[in-house]
>>> print(open('start07.txt').read())   # compact mmCIF, C-alpha atoms
# COMPACT_ATOMS: atom_id res chain seq x y z
CA MET X 1 19.48 7.90 11.83
CA HIS X 2 15.82 7.37 12.57
CA LEU X 3 14.22 7.74 15.95
CA ASP X 4 10.80 6.47 16.81
CA HIS X 5 8.66 8.86 18.76
CA GLU X 6 5.07 9.77 19.22
CA HIS X 7 3.40 13.13 19.41
CA THR X 8 -0.09 14.26 20.10
CA HIS X 9 -1.74 17.21 18.52
CA SER X 10 -5.20 18.64 18.27
CA HIS X 11 -6.96 20.32 15.45
CA GLU X 12 -10.31 21.78 14.72
CA HIS X 13 -12.50 20.75 11.89
CA THR X 14 -16.06 21.10 10.75
CA HIS X 15 -18.47 18.54 9.47
CA ASN X 16 -22.19 18.06 9.42
CA GLY X 17 -22.64 21.68 10.39
CA HIS X 18 -20.63 21.72 13.59
CA THR X 19 -17.05 22.35 14.52
CA HIS X 20 -15.06 20.45 17.06
CA THR X 21 -11.54 19.83 18.11
CA HIS X 22 -10.06 16.50 18.83
CA GLU X 23 -6.67 15.12 19.67
CA HIS X 24 -4.82 12.25 18.22
CA SER X 25 -1.31 10.98 18.17
CA HIS X 26 1.04 9.68 15.54
CA ALA X 27 4.09 7.55 15.99
CA HIS X 28 6.89 8.80 13.80
CA ALA X 29 10.16 7.26 12.76
CA HIS X 30 12.47 10.14 12.01
CA ASP X 31 14.65 12.61 13.82
CA HIS X 32 14.43 15.92 12.05
CA ALA X 33 11.78 18.15 10.73
CA HIS X 34 10.60 20.55 8.12
CA PRO X 35 7.09 21.83 7.75
CA HIS X 36 4.65 20.66 5.17
CA THR X 37 0.92 20.34 4.89
CA HIS X 38 -1.02 17.45 3.56
CA GLU X 39 -4.40 15.91 3.86
CA HIS X 40 -5.37 12.65 5.46
CA LEU X 41 -8.42 10.51 5.53
CA HIS X 42 -8.86 9.36 9.08
CA ASP X 43 -10.51 6.18 10.15
CA HIS X 44 -13.31 8.07 11.79
CA GLY X 45 -14.73 8.42 8.34
CA HIS X 46 -14.20 11.94 7.11
CA GLU X 47 -11.56 14.00 5.48
CA HIS X 48 -9.71 17.00 6.85
CA THR X 49 -6.43 18.79 6.54
CA HIS X 50 -3.74 19.33 9.08
CA SER X 51 -0.05 20.09 9.14
CA HIS X 52 2.88 18.08 10.33
CA ASP X 53 6.33 19.40 10.98
CA CYS X 54 8.04 16.30 9.81
CA THR X 55 9.86 14.74 6.91
CA HIS X 56 8.10 11.46 6.50
CA ASP X 57 6.02 10.44 3.56
CA CYS X 58 2.34 9.66 3.97
CA HIS X 59 3.04 5.97 4.31
CA SER X 60 4.85 6.34 7.60
CA CYS X 61 2.10 8.58 8.94
CA GLY X 62 -1.04 6.71 8.11
CA SER X 63 -4.07 7.33 10.21
CA THR X 64 -3.70 3.98 11.92
CA CYS X 65 -0.10 3.76 13.04
CA GLN X 66 -0.67 1.02 15.57
CA HIS X 67 0.57 -1.86 13.41
CA THR X 68 3.86 -3.40 14.42
CA PRO X 69 6.48 -4.17 11.78
CA MET X 70 5.79 -7.87 12.30
CA GLU X 71 2.07 -7.37 11.74
CA GLU X 72 2.87 -5.62 8.50
CA LEU X 73 5.20 -8.41 7.42
CA VAL X 74 2.59 -11.04 8.20
CA ALA X 75 -0.03 -9.05 6.28
CA LEU X 76 2.35 -8.81 3.34
CA MET X 77 3.09 -12.54 3.51
CA LYS X 78 -0.62 -13.34 3.55
CA TYR X 79 -1.12 -11.13 0.55
CA MET X 80 1.79 -12.74 -1.30
CA VAL X 81 0.57 -16.28 -0.63
CA GLY X 82 -2.89 -15.42 -1.92
CA HIS X 83 -1.39 -13.53 -4.82
CA ASN X 84 0.81 -16.47 -5.76
CA ALA X 85 -2.16 -18.82 -5.63
CA ALA X 86 -4.04 -16.53 -8.00
CA HIS X 87 -1.05 -16.47 -10.36
CA ALA X 88 -0.80 -20.26 -10.22
CA LYS X 89 -4.43 -20.46 -11.30
CA GLU X 90 -3.79 -18.01 -14.12
CA LEU X 91 -0.87 -20.12 -15.29
CA ALA X 92 -3.00 -23.26 -15.18
CA ASP X 93 -5.63 -21.48 -17.27
CA LEU X 94 -2.91 -20.44 -19.70
CA ALA X 95 -1.74 -24.07 -19.88
CA MET X 96 -5.28 -25.15 -20.73
CA GLN X 97 -5.35 -22.64 -23.56
CA LEU X 98 -2.06 -24.04 -24.86
CA GLU X 99 -3.58 -27.51 -24.76
CA LYS X 100 -6.63 -26.33 -26.68
CA ALA X 101 -4.33 -24.63 -29.18
CA GLY X 102 -2.71 -28.00 -29.84
CA SER X 103 0.52 -27.60 -27.91
CA HIS X 104 0.37 -30.53 -25.53
CA THR X 105 4.05 -30.48 -24.65
CA ALA X 106 3.84 -26.82 -23.67
CA TYR X 107 0.73 -27.62 -21.63
CA GLU X 108 2.60 -30.31 -19.70
CA GLN X 109 5.59 -28.09 -19.10
CA VAL X 110 3.51 -25.18 -17.85
CA MET X 111 1.51 -27.48 -15.59
CA ALA X 112 4.79 -28.84 -14.21
CA ALA X 113 5.83 -25.26 -13.54
CA VAL X 114 2.50 -24.62 -11.82
CA SER X 115 3.14 -27.62 -9.60
CA ASP X 116 6.59 -26.31 -8.67
CA PHE X 117 5.11 -22.87 -8.07
CA GLU X 118 2.47 -24.31 -5.77
CA LYS X 119 5.11 -26.23 -3.83
CA GLY X 120 6.99 -22.97 -3.26
CA ASN X 121 3.81 -21.27 -2.19
CA MET X 122 3.06 -24.12 0.19
CA ARG X 123 6.42 -23.51 1.81
CA LEU X 124 5.52 -19.86 2.22
CA SER X 125 2.19 -20.87 3.77
CA VAL X 126 4.01 -22.96 6.35
CA VAL X 127 6.21 -19.99 7.24
CA LEU X 128 3.15 -17.81 7.47
CA SER X 129 1.43 -20.27 9.79
CA SER X 130 4.43 -20.26 12.10
CA LEU X 131 4.42 -16.45 12.13
CA ASP X 132 0.68 -16.34 12.85
CA ILE X 133 1.06 -18.62 15.84
CA LYS X 134 3.65 -16.40 17.54
CA MET M 135 -3.87 -7.28 -8.82
CA CYS M 136 -0.33 -6.51 -7.70
CA LEU M 137 0.54 -4.01 -5.03
CA SER M 138 2.20 -0.83 -6.21
CA THR M 139 4.55 1.83 -4.99
CA VAL M 140 3.27 5.36 -5.50
CA TYR M 141 5.70 8.19 -6.15
CA LYS M 142 5.16 11.93 -6.11
CA ASN M 143 6.11 13.69 -9.35
CA THR M 144 9.19 11.62 -10.15
CA MET M 145 10.23 8.07 -9.53
CA ALA M 146 12.97 8.16 -6.91
CA PRO M 147 13.46 6.63 -3.46
CA GLU M 148 12.98 9.99 -1.78
CA THR M 149 9.67 10.63 -3.54
CA VAL M 150 7.88 7.49 -2.38
CA ALA M 151 4.45 8.48 -1.09
CA MET M 152 3.26 5.04 -0.16
CA ARG M 153 4.28 1.41 -0.64
CA ASN M 154 2.14 -1.70 -0.95
CA VAL M 155 -0.74 0.33 -2.32
CA MET M 156 -3.76 -1.80 -3.05
CA SER M 157 -6.23 0.83 -4.21
CA ILE M 158 -6.19 4.29 -5.71
CA GLU M 159 -9.17 6.57 -5.94
CA CYS M 160 -9.21 9.92 -7.70
CA LYS M 161 -11.80 12.25 -6.25
CA ASP M 162 -12.25 16.02 -6.20
CA GLY M 163 -8.70 16.75 -7.24
CA MET M 164 -7.28 14.32 -4.71
CA VAL M 165 -5.55 11.02 -5.30
CA ILE M 166 -6.42 8.80 -2.38
CA LEU M 167 -4.13 5.85 -1.74
CA THR M 168 -4.87 2.88 0.47
CA ASP M 169 -2.18 0.41 1.44
CA LEU M 170 -2.29 -3.21 2.49
CA MET M 171 -2.79 -2.21 6.12
CA GLU M 172 -5.71 -0.04 5.02
CA ARG M 173 -3.93 3.18 5.85
CA THR M 174 -4.90 6.03 3.60
CA CYS M 175 -2.95 8.89 2.14
CA ALA M 176 -4.50 11.72 0.16
CA ILE M 177 -2.38 13.68 -2.28
CA GLU M 178 -3.69 16.80 -3.92
CA GLY M 179 -2.92 16.30 -7.57
CA GLU M 180 -3.52 13.94 -10.43
CA LEU M 181 -2.51 10.48 -11.50
CA VAL M 182 0.12 10.70 -14.22
CA LYS M 183 1.11 7.11 -14.86
CA ALA M 184 0.33 3.64 -13.57
CA ASN M 185 2.63 0.83 -14.64
CA LEU M 186 0.84 -2.29 -13.50
CA VAL M 187 3.54 -4.65 -14.75
CA ASP M 188 6.34 -3.03 -12.80
CA GLY M 189 4.05 -2.01 -9.95
CA TYR M 190 4.55 1.71 -9.77
CA VAL M 191 2.36 4.77 -10.02
CA ILE M 192 3.32 8.40 -10.40
CA VAL M 193 1.12 11.16 -9.00
CA LYS M 194 1.72 14.77 -9.93
CA GLU M 195 1.18 17.01 -6.93
CA THR M 196 -0.69 20.21 -7.44
CA ALA M 197 1.71 23.12 -7.00
CA CYS M 198 1.04 25.15 -3.86
>>> encode(input="start07.txt", output="structure tokens")
Amino acid sequence: MHLDHEHTHSHEHTHNGHTHTHEHSHAHAHDHAHPHTHEHLHDHGHEHTHSHDCTHDCHSCGSTCQHTPMEELVALMKYMVGHNAAHAKELADLAMQLEKAGSHTAYEQVMAAVSDFEKGNMRLSVVLSSLDIK
Amino acid sequence: MCLSTVYKNTMAPETVAMRNVMSIECKDGMVILTDLMERTCAIEGELVKANLVDGYVIVKETAC
């Protein structure tokens, strides 16, 4: 079972010749603990070490925990749509090389596949647009 | 250009350090991961293997 909770802690660190303490909070999604220490890069631009008494991996305790699951899904969808478009272009380039190599039939087949691929990606784009609007 | 899953020491569900990793930087004995949401995770250790076809990376943690 996983429980979402948030905790605030403070820690001291030194940079640019001075030491200060600051507080920040993390939202966690777990319900039991064991101690470990690891280092994080925080979005205020410098690196320091602190300890968490928790079981999560780094991913669930990034320095910017404010993203909702839906925001992450939308970000992943955006990435996938762009990624697919890049792959479609790579396939089209590959088809062109097949054409130059004298395999016209293969060229046509790969370009047909690229077209199908782009149609699928268009469908994903539509889904993404509907998610962005909400 | 694909996103990767980074594992600590061995490739198993319980050793996942970070998913959807888009960049990895090795610096001063640290392996610094950044995911799609631009969260970062620094692991003290070294990069052992990166399989860019299957989208996984293994980082060996420095023993404490």
>>> residues_around(input="start07.txt", residues="Val74 in chain X", least_positions_apart="4", cutoff="9 Å", atoms="all atoms listed in the file", output="list of chain:residue names")
X:Pro69, X:Met70, X:Lys78, X:Tyr79, X:Leu128, X:Leu131, X:Asp132
>>> closest_atom_pairs(input="start07.txt", of="chain M", to="chain X", cutoff="6 Å", atoms="all atoms listed in the file", output="CSV")
residue,atom,partner,partner_atom,distance
M:Ala151,CA,X:Asp57,CA,5.3
M:Met152,CA,X:His59,CA,4.6
M:Arg173,CA,X:Gly62,CA,5.1
M:Thr174,CA,X:Gly62,CA,6.0
M:Cys175,CA,X:His40,CA,5.6
M:Ala176,CA,X:His40,CA,5.5
>>> closest_residue(input="start07.txt", among="M:Leu167, M:Ile177, M:Val182, M:Met145", to="Thr196 in chain M", atoms="only C-alpha atoms")
M:Ile177
>>> residues_near_point(input="start07.txt", point="(-7.2, -2.1, -0.9)", cutoff="10 Å", atoms="only C-alpha atoms", output="ChimeraX atom specification")
/M:137,154-158,167-174
>>> atom_distance(input="start07.txt", atom1="CA of Leu73 in chain X", atom2="CA of Tyr141 in chain M")
21.4 Å
>>> residues_around(input="start07.txt", residues="Asp162 in chain M", least_positions_apart="5", cutoff="10 Å", atoms="all atoms listed in the file", output="short mmCIF file (atom, residue, chain, number, x, y, z; two decimals) with C-alpha atoms, keeping the file's coordinate frame")
data_model
loop_
_atom_site.label_atom_id
_atom_site.label_comp_id
_atom_site.auth_asym_id
_atom_site.auth_seq_id
_atom_site.Cartn_x
_atom_site.Cartn_y
_atom_site.Cartn_z
CA GLU M 178 -3.69 16.80 -3.92
CA GLY M 179 -2.92 16.30 -7.57
CA GLU M 180 -3.52 13.94 -10.43
#
>>> atom_distance(input="start07.txt", atom1="CA of Met77 in chain X", atom2="CA of Gln109 in chain X")
27.6 Å
>>> atom_distance(input="start07.txt", atom1="CA of Lys142 in chain M", atom2="CA of Gln66 in chain X")
25.0 Å
>>> closest_residue(input="start07.txt", among="M:Val187, M:Leu181, M:Cys136, M:Ile192", to="Cys160 in chain M", atoms="all atoms listed in the file")
M:Leu181
>>> closest_residue(input="start07.txt", among="M:Glu159, M:Val191, M:Met164, M:Asn185", to="Val140 in chain M", atoms="all atoms listed in the file")
M:Val191
